[in-house]
file coords-v7.txt (compact mmCIF, C-alpha atoms (C1' of nucleotides))
# COMPACT_ATOMS: atom_id res chain seq x y z
CA MET A 396 30.20 110.85 126.45
CA GLN A 397 27.27 112.01 128.50
CA LEU A 398 26.08 115.49 129.23
CA ILE A 399 23.95 116.31 132.21
CA LEU A 400 22.29 119.56 131.46
CA GLY A 401 19.73 121.80 132.88
CA GLY A 402 18.05 124.65 131.15
CA VAL A 403 17.31 123.03 127.83
CA THR A 404 13.60 122.84 127.31
CA GLY A 405 13.44 119.29 126.14
CA ASP A 406 10.20 118.74 127.98
CA SER A 407 7.81 118.86 125.09
CA ASP A 408 4.78 120.03 127.04
CA SER A 409 5.61 123.67 126.66
CA GLY A 410 2.58 125.43 125.26
CA ARG A 411 4.47 127.32 122.55
CA ARG A 412 6.00 124.42 120.70
CA ALA A 413 5.26 123.60 117.06
CA ALA A 414 3.47 126.89 116.57
CA ALA A 415 3.73 127.37 112.82
CA GLY A 416 4.75 130.84 111.79
CA PRO A 417 7.17 132.83 109.72
CA ALA A 418 9.73 133.13 112.51
CA ARG A 419 9.69 129.39 112.99
CA ASP A 420 10.02 128.76 109.26
CA GLU A 421 12.99 131.06 109.13
CA ALA A 422 14.63 129.25 112.01
CA VAL A 423 14.09 125.89 110.32
CA ASP A 424 15.48 127.29 107.09
CA ALA A 425 18.53 128.64 108.86
CA ILE A 426 19.17 125.35 110.62
CA HIS A 427 18.84 123.54 107.33
CA ARG A 428 21.18 125.89 105.55
CA GLU A 429 23.82 126.05 108.24
CA LEU A 430 23.91 122.32 108.83
CA THR A 431 24.33 121.63 105.14
CA ALA A 432 27.00 124.30 104.92
CA PHE A 433 28.78 122.54 107.73
CA ALA A 434 28.40 119.17 106.05
CA ARG A 435 29.87 120.54 102.85
CA ARG A 436 32.93 121.90 104.55
CA ALA A 437 33.51 119.10 107.02
CA ARG A 438 34.50 116.62 104.36
CA ALA A 439 36.95 118.96 102.70
CA ARG A 440 38.52 119.98 105.99
CA THR A 441 38.89 116.59 107.62
CA ALA A 442 40.51 115.17 104.50
CA ARG A 443 43.45 117.49 105.10
CA LEU A 444 43.95 116.88 108.80
CA HIS A 445 45.03 113.25 108.90
CA PRO A 446 45.78 111.70 105.53
CA ASP A 447 45.24 108.10 106.59
CA LEU A 448 42.02 108.77 108.44
CA SER A 449 39.12 110.16 106.44
CA LEU A 450 35.98 111.40 108.07
CA VAL A 451 34.42 108.00 107.54
CA THR A 452 37.28 105.80 108.70
CA TYR A 453 37.85 108.10 111.65
CA SER A 454 34.23 107.80 112.69
CA MET A 455 34.36 104.04 112.26
CA LEU A 456 37.51 103.67 114.30
CA ASP A 457 36.01 105.90 116.95
CA HIS A 458 32.86 103.81 117.07
CA LEU A 459 34.92 100.64 117.36
CA LYS A 460 36.68 102.12 120.34
CA GLU A 461 33.53 103.45 121.99
CA SER A 462 31.55 100.27 121.45
CA GLY A 463 34.39 98.06 122.62
CA GLY A 464 34.45 96.25 119.28
CA CYS A 465 31.65 95.25 116.96
CA ARG A 466 30.98 93.57 113.63
CA ALA A 467 31.03 95.18 110.20
CA THR A 468 27.27 94.81 109.97
CA ASP A 469 26.86 96.80 113.16
CA LEU A 470 28.97 99.58 111.69
CA ALA A 471 26.85 99.59 108.55
CA ALA A 472 23.67 99.86 110.60
CA HIS A 473 25.08 102.58 112.80
CA PHE A 474 26.38 104.74 109.96
CA LEU A 475 23.59 103.96 107.48
CA LEU A 476 26.11 102.68 104.96
CA ASP A 477 26.07 99.72 102.63
CA LYS A 478 27.90 96.71 103.96
CA SER A 479 30.18 96.72 100.93
CA THR A 480 31.34 100.22 101.78
CA VAL A 481 32.01 99.16 105.35
CA SER A 482 33.84 96.09 104.13
CA ARG A 483 36.17 98.24 102.04
CA GLN A 484 36.77 100.84 104.71
CA THR A 485 37.49 98.28 107.38
CA ALA A 486 39.79 96.44 104.99
CA ALA A 487 41.65 99.71 104.51
CA LEU A 488 41.88 100.21 108.25
CA GLU A 489 43.20 96.69 108.61
CA ARG A 490 45.78 97.22 105.88
CA LEU A 491 46.96 100.26 107.79
CA GLY A 492 47.24 98.14 110.91
CA LEU A 493 44.69 100.25 112.76
CA VAL A 494 42.13 97.53 113.42
CA VAL A 495 42.40 93.83 114.13
CA ARG A 496 39.82 91.19 113.36
CA GLU A 497 39.00 88.31 115.61
CA PRO A 498 36.37 85.62 115.13
CA ASP A 499 33.10 86.40 116.81
CA PRO A 500 32.80 83.78 119.55
CA ASP A 501 29.01 83.92 119.33
CA ASP A 502 28.70 83.57 115.56
CA GLN A 503 31.28 81.91 113.39
CA ARG A 504 30.08 83.88 110.35
CA GLY A 505 31.08 87.24 111.71
CA GLN A 506 34.26 88.92 112.84
CA LEU A 507 34.69 91.29 115.70
CA LEU A 508 36.58 94.44 114.77
CA ARG A 509 38.67 96.26 117.34
CA PRO A 510 41.15 99.10 117.19
CA SER A 511 44.72 97.89 117.40
CA GLU A 512 47.26 99.46 119.73
CA ARG A 513 48.41 101.62 116.89
CA GLY A 514 44.81 102.32 115.95
CA LEU A 515 44.14 103.67 119.41
CA ARG A 516 47.20 105.88 119.21
CA VAL A 517 46.31 107.24 115.77
CA LEU A 518 42.73 107.75 116.89
CA ALA A 519 43.79 109.65 119.97
CA ASP A 520 46.06 111.79 117.85
CA ALA A 521 43.42 112.54 115.22
CA HIS A 522 40.87 113.15 117.94
CA GLU A 523 43.14 115.66 119.60
CA GLN A 524 43.79 117.46 116.31
CA ARG A 525 40.11 117.67 115.56
CA ARG A 526 39.21 118.66 119.07
CA ALA A 527 41.80 121.41 119.00
CA SER A 528 40.45 122.68 115.70
CA PHE A 529 36.94 122.69 117.12
CA ALA A 530 38.00 124.24 120.37
CA GLU A 531 39.71 127.04 118.48
CA ARG A 532 36.57 127.65 116.50
CA LEU A 533 34.53 127.68 119.67
CA ALA A 534 37.02 129.70 121.68
CA GLY A 535 34.85 132.75 122.06
CA TRP A 536 31.82 130.85 123.23
CA ASP A 537 30.25 130.99 126.62
CA ASP A 538 30.15 127.68 128.48
CA ASP A 539 26.37 127.76 128.72
CA ASP A 540 26.02 128.29 124.99
CA LEU A 541 28.41 125.42 124.29
CA GLU A 542 26.43 123.08 126.46
CA ARG A 543 23.15 124.14 124.95
CA LEU A 544 24.47 123.68 121.41
CA ALA A 545 25.83 120.24 122.32
CA GLU A 546 22.48 119.22 123.74
CA TYR A 547 20.56 120.57 120.76
CA LEU A 548 22.68 118.59 118.35
CA ARG A 549 22.37 115.44 120.40
CA ARG A 550 18.65 115.88 120.44
CA TYR A 551 18.51 116.56 116.71
CA ASN A 552 20.58 113.53 115.76
CA ALA A 553 18.83 111.26 118.23
CA ALA A 554 15.56 112.02 116.46
CA GLY A 555 16.87 110.74 113.13
CA MET B 1065 17.70 134.96 105.53
CA GLN B 1066 18.19 137.01 108.64
CA LEU B 1067 17.31 136.20 112.18
CA ILE B 1068 16.95 138.86 114.80
CA LEU B 1069 17.32 137.14 118.09
CA GLY B 1070 17.54 138.02 121.68
CA GLY B 1071 18.74 135.81 124.44
CA VAL B 1072 21.79 134.36 122.78
CA THR B 1073 24.86 135.38 124.71
CA GLY B 1074 26.97 136.37 121.77
CA ASP B 1075 28.45 139.25 123.74
CA SER B 1076 31.80 137.77 124.53
CA ASP B 1077 32.47 139.75 127.67
CA SER B 1078 30.75 137.29 129.95
CA GLY B 1079 33.13 136.30 132.71
CA ARG B 1080 32.64 132.55 132.33
CA ARG B 1081 33.63 132.14 128.73
CA ALA B 1082 36.54 130.01 127.57
CA ALA B 1083 37.01 128.56 131.03
CA ALA B 1084 38.81 125.32 130.30
CA GLY B 1085 37.40 122.36 132.15
CA PRO B 1086 36.06 118.85 131.77
CA ALA B 1087 32.48 120.00 131.20
CA ARG B 1088 33.61 122.32 128.46
CA ASP B 1089 35.73 119.60 126.86
CA GLU B 1090 32.77 117.26 126.90
CA ALA B 1091 30.59 119.85 125.25
CA VAL B 1092 33.18 120.45 122.53
CA ASP B 1093 33.51 116.71 122.01
CA ALA B 1094 29.77 116.30 121.76
CA ILE B 1095 29.46 119.14 119.25
CA HIS B 1096 32.24 117.62 117.22
CA ARG B 1097 30.71 114.19 117.23
CA GLU B 1098 27.16 115.25 116.54
CA LEU B 1099 28.09 117.62 113.74
CA THR B 1100 30.14 114.96 112.00
CA ALA B 1101 27.36 112.44 112.50
CA PHE B 1102 25.05 114.90 110.84
CA ALA B 1103 27.47 115.52 108.01
CA ARG B 1104 27.75 111.81 107.40
CA ARG B 1105 24.03 111.33 107.11
CA ALA B 1106 23.20 114.49 105.23
CA ARG B 1107 24.85 113.38 102.05
CA ALA B 1108 23.18 110.00 102.04
CA ARG B 1109 19.77 111.47 102.77
CA THR B 1110 19.78 114.37 100.37
CA ALA B 1111 20.90 112.14 97.51
CA ARG B 1112 17.58 110.31 97.77
CA LEU B 1113 15.27 113.30 97.96
CA HIS B 1114 15.67 114.88 94.55
CA PRO B 1115 17.61 112.79 92.03
CA ASP B 1116 18.61 115.67 89.77
CA LEU B 1117 19.70 117.94 92.59
CA SER B 1118 22.51 116.74 94.80
CA LEU B 1119 23.49 118.50 97.97
CA VAL B 1120 26.12 120.41 96.05
CA THR B 1121 24.08 121.42 93.04
CA TYR B 1122 21.15 122.30 95.25
CA SER B 1123 23.34 124.57 97.35
CA MET B 1124 24.78 126.16 94.23
CA LEU B 1125 21.41 126.77 92.68
CA ASP B 1126 20.20 128.21 95.95
CA HIS B 1127 23.16 130.54 96.13
CA LEU B 1128 22.58 131.67 92.56
CA LYS B 1129 19.04 132.56 93.49
CA GLU B 1130 19.94 134.28 96.76
CA SER B 1131 22.81 136.25 95.23
CA GLY B 1132 20.82 137.24 92.20
CA GLY B 1133 23.34 135.61 89.88
CA CYS B 1134 27.10 135.35 90.12
CA ARG B 1135 30.12 133.90 88.34
CA ALA B 1136 31.51 130.41 88.70
CA THR B 1137 34.54 131.79 90.49
CA ASP B 1138 32.29 133.36 93.09
CA LEU B 1139 30.62 130.02 93.69
CA ALA B 1140 34.01 128.36 94.10
CA ALA B 1141 35.06 130.96 96.65
CA HIS B 1142 31.80 130.74 98.54
CA PHE B 1143 31.75 126.94 98.75
CA LEU B 1144 35.52 126.45 99.09
CA LEU B 1145 35.57 124.24 96.02
CA ASP B 1146 37.99 123.96 93.15
CA LYS B 1147 36.94 125.91 90.09
CA SER B 1148 37.01 122.72 88.03
CA THR B 1149 34.42 121.16 90.32
CA VAL B 1150 32.23 124.21 90.03
CA SER B 1151 32.64 124.19 86.27
CA ARG B 1152 31.40 120.63 86.08
CA GLN B 1153 28.50 121.11 88.46
CA THR B 1154 27.31 124.24 86.73
CA ALA B 1155 27.64 122.50 83.37
CA ALA B 1156 25.41 119.74 84.75
CA LEU B 1157 22.89 122.31 85.95
CA GLU B 1158 22.94 123.93 82.54
CA ARG B 1159 22.46 120.58 80.78
CA LEU B 1160 19.41 120.05 82.98
CA GLY B 1161 18.13 123.45 81.95
CA LEU B 1162 18.20 124.73 85.52
CA VAL B 1163 20.63 127.59 85.01
CA VAL B 1164 21.30 129.97 82.17
CA ARG B 1165 24.57 131.70 81.36
CA GLU B 1166 24.87 135.22 80.14
CA PRO B 1167 28.01 137.20 79.41
CA ASP B 1168 29.18 139.31 82.30
CA PRO B 1169 28.71 142.89 81.10
CA ASP B 1170 31.59 144.07 83.27
CA ASP B 1171 34.13 141.48 82.18
CA GLN B 1172 34.03 139.65 78.89
CA ARG B 1173 36.00 136.75 80.36
CA GLY B 1174 33.32 135.68 82.79
CA GLN B 1175 29.75 134.51 82.60
CA LEU B 1176 26.95 135.33 84.95
CA LEU B 1177 25.01 132.30 86.12
CA ARG B 1178 21.34 132.56 87.00
CA PRO B 1179 18.63 130.06 87.78
CA SER B 1180 16.27 129.55 84.86
CA GLU B 1181 12.51 129.59 85.24
CA ARG B 1182 12.58 125.85 85.55
CA GLY B 1183 15.53 126.08 87.90
CA LEU B 1184 13.55 128.29 90.23
CA ARG B 1185 10.65 125.88 90.17
CA VAL B 1186 12.83 122.84 90.84
CA LEU B 1187 14.65 124.74 93.55
CA ALA B 1188 11.43 125.74 95.25
CA ASP B 1189 10.23 122.15 95.08
CA ALA B 1190 13.45 120.71 96.48
CA HIS B 1191 13.54 123.40 99.12
CA GLU B 1192 10.04 122.55 100.21
CA GLN B 1193 10.85 118.85 100.39
CA ARG B 1194 13.92 119.49 102.47
CA ARG B 1195 12.19 122.00 104.67
CA ALA B 1196 9.37 119.55 105.30
CA SER B 1197 11.83 116.84 106.21
CA PHE B 1198 13.58 119.20 108.58
CA ALA B 1199 10.37 120.53 110.03
CA GLU B 1200 9.23 116.99 110.75
CA ARG B 1201 12.47 116.28 112.53
CA LEU B 1202 12.12 119.46 114.52
CA ALA B 1203 8.41 119.08 115.15
CA GLY B 1204 8.73 118.59 118.89
CA TRP B 1205 10.96 121.57 119.42
CA ASP B 1206 10.10 124.71 121.26
CA ASP B 1207 10.29 127.90 119.19
CA ASP B 1208 12.89 129.40 121.49
CA ASP B 1209 15.10 126.34 121.17
CA LEU B 1210 14.79 126.41 117.39
CA GLU B 1211 15.83 130.02 117.22
CA ARG B 1212 18.72 129.46 119.59
CA LEU B 1213 19.97 126.48 117.58
CA ALA B 1214 19.69 128.45 114.35
CA GLU B 1215 21.69 131.29 115.84
CA TYR B 1216 24.34 128.96 117.26
CA LEU B 1217 24.87 127.34 113.88
CA ARG B 1218 25.05 130.66 112.13
CA ARG B 1219 27.61 131.80 114.62
CA TYR B 1220 29.59 128.59 114.31
CA ASN B 1221 29.73 128.67 110.52
CA ALA B 1222 30.43 132.37 110.40
CA ALA B 1223 33.56 131.76 112.46
CA GLY B 1224 34.97 129.40 109.86
C1' DA C 254 18.81 67.15 105.66
C1' DG C 255 17.46 71.05 103.14
C1' DT C 256 16.19 75.53 102.73
C1' DA C 257 16.17 80.17 104.19
C1' DT C 258 18.85 83.75 106.32
C1' DA C 259 22.78 86.48 107.66
C1' DA C 260 27.92 88.24 107.36
C1' DG C 261 31.19 89.52 104.41
C1' DT C 262 33.73 90.12 99.82
C1' DT C 263 34.12 91.46 95.16
C1' DG C 264 32.93 93.35 90.46
C1' DC C 265 30.91 97.14 88.41
C1' DA C 266 29.35 101.79 87.68
C1' DC C 267 29.06 106.39 88.96
C1' DA C 268 29.33 111.02 91.47
C1' DG C 269 32.33 114.35 93.45
C1' DT C 270 36.63 116.15 94.03
C1' DG C 271 41.55 118.28 93.37
C1' DC C 272 45.51 119.16 90.60
C1' DA C 273 47.69 120.38 86.52
C1' DA C 274 47.61 121.83 81.92
C1' DC C 275 45.49 124.46 78.85
C1' DC C 276 42.64 128.44 76.27
C1' DG C 277 41.02 133.02 75.74
C1' DA C 278 40.18 137.57 77.34
C1' DA C 279 41.55 141.75 80.15
C1' DG C 280 44.80 144.69 81.96
C1' DG C 281 49.34 147.01 82.96
C1' DG C 282 54.05 148.47 82.22
C1' DG C 283 57.72 149.17 78.95
C1' DC D 925 51.30 149.80 70.99
C1' DC D 926 52.89 145.24 72.21
C1' DC D 927 54.25 141.80 75.41
C1' DC D 928 53.59 139.60 79.62
C1' DT D 929 50.94 138.70 83.51
C1' DT D 930 46.67 137.68 85.56
C1' DC D 931 42.13 135.92 85.78
C1' DG D 932 37.84 133.12 84.46
C1' DG D 933 36.81 128.90 82.77
C1' DT D 934 37.30 124.04 80.68
C1' DT D 935 39.28 119.55 80.21
C1' DG D 936 42.22 115.36 81.16
C1' DC D 937 43.60 112.42 84.77
C1' DA D 938 43.49 110.06 89.07
C1' DC D 939 41.49 108.90 93.25
C1' DT D 940 37.86 108.25 97.03
C1' DG D 941 33.45 107.07 98.60
C1' DT D 942 29.37 104.99 97.59
C1' DG D 943 25.41 101.61 96.23
C1' DC D 944 23.73 97.61 93.90
C1' DA D 945 24.03 92.96 92.61
C1' DA D 946 26.10 88.54 92.61
C1' DC D 947 28.56 85.37 95.09
C1' DT D 948 30.62 82.51 99.26
C1' DT D 949 30.31 80.65 103.55
C1' DA D 950 28.37 79.73 107.84
C1' DT D 951 24.35 79.58 110.87
C1' DA D 952 19.46 78.70 111.98
C1' DC D 953 15.00 76.72 111.52
C1' DT D 954 11.58 73.48 110.15

call {"tool": "encode", "arguments": {"input": "coords-v7.txt", "output": "structure tokens"}}
result
Amino acid sequence: MQLILGGVTGDSDSGRRAAAGPARDEAVDAIHRELTAFARRARARTARLHPDLSLVTYSMLDHLKESGGCRATDLAAHFLLDKSTVSRQTAALERLGLVVREPDPDDQRGQLLRPSERGLRVLADAHEQRRASFAERLAGWDDDDLERLAEYLRRYNAAG
Amino acid sequence: MQLILGGVTGDSDSGRRAAAGPARDEAVDAIHRELTAFARRARARTARLHPDLSLVTYSMLDHLKESGGCRATDLAAHFLLDKSTVSRQTAALERLGLVVREPDPDDQRGQLLRPSERGLRVLADAHEQRRASFAERLAGWDDDDLERLAEYLRRYNAAG
DNA sequence: AGTATAAGTTGCACAGTGCAACCGAAGGGG
DNA sequence: CCCCTTCGGTTGCACTGTGCAACTTATACT
């Protein structure tokens, strides 16, 4: 997923950046508040959409697909989770038949995790449900605004 | 917290809005992915910042301050949580001495919840910590971009 | 070879959550 | 005026997600 955008002032040489001030503080506050509000609701909402696929397992399965398969340790690093948590979630995904394990050819200690056929189908289904829910929420938005918001969020998360 | 902004095309009469297309789908996908990535990390991060004040209790305490005091039921409605969850979280806040209960003068069944003196102090402290962490993350951002992002998020959450 | 390191699993504890059952106080017809 | 409903709140129960620590096994390095 790549976005090629113009118009977002990511070039950090603009003279007005990082100017402390009340307006800026308010913007930071608002971003803080709205992002946490989103975080709070996301968990509750996604739990209802697809019973077998929580927010976490969905994200993991998605990452396995996007990365073309990786080890549990890589998942833990990517999602900033403890390896025990990853171990349990991947075990659950395996029990559901959504991922398959194969020995890592490069390192006999590790296992490569990949989505199974069924995993890919369930993922596509869940993805479509979620995308539809998002699209509905964003229905009234201008294309330019959508692209700017997408780029802002990518920039924000990339910084962390 | 109010932001008065220009430049955000919230007027939904623009001719290019809601035009389905691959670019728009990619933007929606990216927003979906980045927001969930944020949600995933927010919980883990905020848990470390202030041990007594989780993301949930912090948000509740903040809402009690901003609303000037409200009932548990109001918190549940605002945060889309079960009343039992709110009951437990507010009980925890009370045990910590961060909120006080007083009988609701209008309805003897309910109790008004307010931050205590100490609650206000702890809240201000936690707020400052979080704001600093956010400000650091957003240090390289142009003021205009910050305000646009804040407005986008407000608009997004308001729609839900 | 022997030791340190890395991947993964498992036991344990704990927070957050929802549902259902319950209690007590208002409130609204009969 | 009394009963019955409704509403605010608490508690018991179960379940998920999580981290830490201990352990197992396999690799890597000196």

call {"tool": "residues_around", "arguments": {"input": "coords-v7.txt", "residues": "DT951 of chain D", "least_positions_apart": "2", "cutoff": "9 Å", "atoms": "all atoms listed in the file", "output": "compact mmCIF listing (two decimals) with C-alpha atoms (C1' of nucleotides), in the coordinates of the input"}}
result
# COMPACT_ATOMS: atom_id res chain seq x y z
CA ASP A 502 28.70 83.57 115.56
CA GLN A 503 31.28 81.91 113.39
CA ARG A 504 30.08 83.88 110.35
C1' DT C 258 18.85 83.75 106.32
C1' DA C 259 22.78 86.48 107.66

call {"tool": "residues_around", "arguments": {"input": "coords-v7.txt", "residues": "segment 264-278 of chain C", "least_positions_apart": "4", "cutoff": "12 Å", "atoms": "all atoms listed in the file", "output": "PyMOL selection string"}}
result
(chain A and resi 435+438-439+442-443+479) or (chain B and resi 1107+1111+1115-1121+1144-1153+1156+1171-1174) or (chain D and resi 930-947)

call {"tool": "closest_residue", "arguments": {"input": "coords-v7.txt", "among": "A:Ala521, A:Leu493, A:Leu533, A:Cys465", "to": "chain B", "atoms": "only C-alpha atoms"}}
result
A:Leu533

call {"tool": "atom_distance", "arguments": {"input": "coords-v7.txt", "atom1": "atom CA of Glu1158 of chain B", "atom2": "atom CA of Ala1136 of chain B"}}
result
12.4 Å

call {"tool": "closest_residue", "arguments": {"input": "coords-v7.txt", "among": "B:Ala1087, B:Val1164, B:Ala1140, B:Ala1203", "to": "Glu1181 of chain B", "atoms": "only C-alpha atoms"}}
result
B:Val1164

call {"tool": "calpha_fit_rmsd", "arguments": {"input": "coords-v7.txt", "fixed": "chain A", "moving": "chain B"}}
result
0.1 Å

call {"tool": "atom_distance", "arguments": {"input": "coords-v7.txt", "atom1": "atom CA of Glu1192 of chain B", "atom2": "atom CA of His1114 of chain B"}}
result
11.1 Å

call {"tool": "residues_around", "arguments": {"input": "coords-v7.txt", "residues": "Ile426 of chain A", "least_positions_apart": "3", "cutoff": "9 Å", "atoms": "all atoms listed in the file", "output": "VMD selection string"}}
result
(chain A and resid 421 to 423 429 to 431) or (chain B and resid 1198 1210 to 1211 1213 to 1215 1217 to 1218)

call {"tool": "atom_distance", "arguments": {"input": "coords-v7.txt", "atom1": "atom C1' of DT949 of chain D", "atom2": "atom C1' of DT263 of chain C"}}
result
14.2 Å

call {"tool": "interface_residues", "arguments": {"input": "coords-v7.txt", "of": "chain C", "to": "chain A", "cutoff": "8 Å", "atoms": "all atoms listed in the file", "output": "list in words"}}
result
DA260, DG261 and DT262 of chain C

call {"tool": "closest_residue", "arguments": {"input": "coords-v7.txt", "among": "B:Asp1093, B:Ala1155, B:Thr1110, B:Gly1085", "to": "Ala527 of chain A", "atoms": "all atoms listed in the file"}}
result
B:Asp1093

call {"tool": "residues_near_point", "arguments": {"input": "coords-v7.txt", "point": "(23.7, 128.8, 96.5)", "cutoff": "12 Å", "atoms": "all atoms listed in the file", "output": "MDAnalysis selection string"}}
result
(chainID A and resid 428 431:432) or (chainID B and resid 1119:1136 1138:1143 1150 1154 1163 1177:1179 1184 1187 1191)

call {"tool": "write_last_selection", "arguments": {"input": "coords-v7.txt", "atoms": "C-alpha atoms", "output": "compact mmCIF listing (two decimals), keeping the file's coordinate frame"}}
result
# COMPACT_ATOMS: atom_id res chain seq x y z
CA ARG A 428 21.18 125.89 105.55
CA THR A 431 24.33 121.63 105.14
CA ALA A 432 27.00 124.30 104.92
CA LEU B 1119 23.49 118.50 97.97
CA VAL B 1120 26.12 120.41 96.05
CA THR B 1121 24.08 121.42 93.04
CA TYR B 1122 21.15 122.30 95.25
CA SER B 1123 23.34 124.57 97.35
CA MET B 1124 24.78 126.16 94.23
CA LEU B 1125 21.41 126.77 92.68
CA ASP B 1126 20.20 128.21 95.95
CA HIS B 1127 23.16 130.54 96.13
CA LEU B 1128 22.58 131.67 92.56
CA LYS B 1129 19.04 132.56 93.49
CA GLU B 1130 19.94 134.28 96.76
CA SER B 1131 22.81 136.25 95.23
CA GLY B 1132 20.82 137.24 92.20
CA GLY B 1133 23.34 135.61 89.88
CA CYS B 1134 27.10 135.35 90.12
CA ARG B 1135 30.12 133.90 88.34
CA ALA B 1136 31.51 130.41 88.70
CA ASP B 1138 32.29 133.36 93.09
CA LEU B 1139 30.62 130.02 93.69
CA ALA B 1140 34.01 128.36 94.10
CA ALA B 1141 35.06 130.96 96.65
CA HIS B 1142 31.80 130.74 98.54
CA PHE B 1143 31.75 126.94 98.75
CA VAL B 1150 32.23 124.21 90.03
CA THR B 1154 27.31 124.24 86.73
CA VAL B 1163 20.63 127.59 85.01
CA LEU B 1177 25.01 132.30 86.12
CA ARG B 1178 21.34 132.56 87.00
CA PRO B 1179 18.63 130.06 87.78
CA LEU B 1184 13.55 128.29 90.23
CA LEU B 1187 14.65 124.74 93.55
CA HIS B 1191 13.54 123.40 99.12

call {"tool": "build_atoms", "arguments": {"input": "coords-v7.txt", "residues": "segment 454-468 of chain A", "atoms": "N, CA, C and O atoms", "output": "CSV table (one decimal), in the coordinates of the input"}}
result
chain,number,residue,atom,x,y,z
A,454,SER,N,35.5,108.1,111.9
A,454,SER,CA,34.2,107.8,112.7
A,454,SER,C,34.1,106.3,113.0
A,454,SER,O,33.7,105.9,114.1
A,455,MET,N,34.5,105.5,112.0
A,455,MET,CA,34.4,104.0,112.3
A,455,MET,C,35.3,103.6,113.4
A,455,MET,O,34.9,102.8,114.3
A,456,LEU,N,36.5,104.1,113.3
A,456,LEU,CA,37.5,103.7,114.3
A,456,LEU,C,37.0,104.1,115.7
A,456,LEU,O,37.1,103.4,116.7
A,457,ASP,N,36.5,105.4,115.7
A,457,ASP,CA,36.0,105.9,117.0
A,457,ASP,C,34.9,105.0,117.5
A,457,ASP,O,34.8,104.7,118.7
A,458,HIS,N,34.0,104.6,116.6
A,458,HIS,CA,32.9,103.8,117.1
A,458,HIS,C,33.4,102.4,117.6
A,458,HIS,O,32.8,101.9,118.5
A,459,LEU,N,34.4,101.9,116.9
A,459,LEU,CA,34.9,100.6,117.4
A,459,LEU,C,35.5,100.8,118.8
A,459,LEU,O,35.3,99.9,119.6
A,460,LYS,N,36.1,101.9,119.0
A,460,LYS,CA,36.7,102.1,120.3
A,460,LYS,C,35.5,102.3,121.4
A,460,LYS,O,35.5,101.6,122.4
A,461,GLU,N,34.6,103.1,121.0
A,461,GLU,CA,33.5,103.4,122.0
A,461,GLU,C,32.7,102.2,122.3
A,461,GLU,O,32.2,102.1,123.4
A,462,SER,N,32.4,101.4,121.3
A,462,SER,CA,31.6,100.3,121.4
A,462,SER,C,32.3,99.1,122.0
A,462,SER,O,31.7,98.1,122.3
A,463,GLY,N,33.6,99.2,122.1
A,463,GLY,CA,34.4,98.1,122.6
A,463,GLY,C,34.5,96.9,121.6
A,463,GLY,O,34.7,95.8,122.0
A,464,GLY,N,34.3,97.3,120.3
A,464,GLY,CA,34.4,96.2,119.3
A,464,GLY,C,33.1,95.8,118.8
A,464,GLY,O,32.2,95.6,119.6
A,465,CYS,N,32.9,95.7,117.5
A,465,CYS,CA,31.6,95.2,117.0
A,465,CYS,C,31.9,94.7,115.6
A,465,CYS,O,33.0,94.7,115.1
A,466,ARG,N,30.8,94.2,114.9
A,466,ARG,CA,31.0,93.6,113.6
A,466,ARG,C,30.8,94.6,112.5
A,466,ARG,O,30.3,95.7,112.8
A,467,ALA,N,31.2,94.3,111.3
A,467,ALA,CA,31.0,95.2,110.2
A,467,ALA,C,29.6,95.5,110.0
A,467,ALA,O,29.2,96.7,109.7
A,468,THR,N,28.7,94.6,110.1
A,468,THR,CA,27.3,94.8,110.0
A,468,THR,C,26.8,95.9,111.0
A,468,THR,O,25.9,96.7,110.6
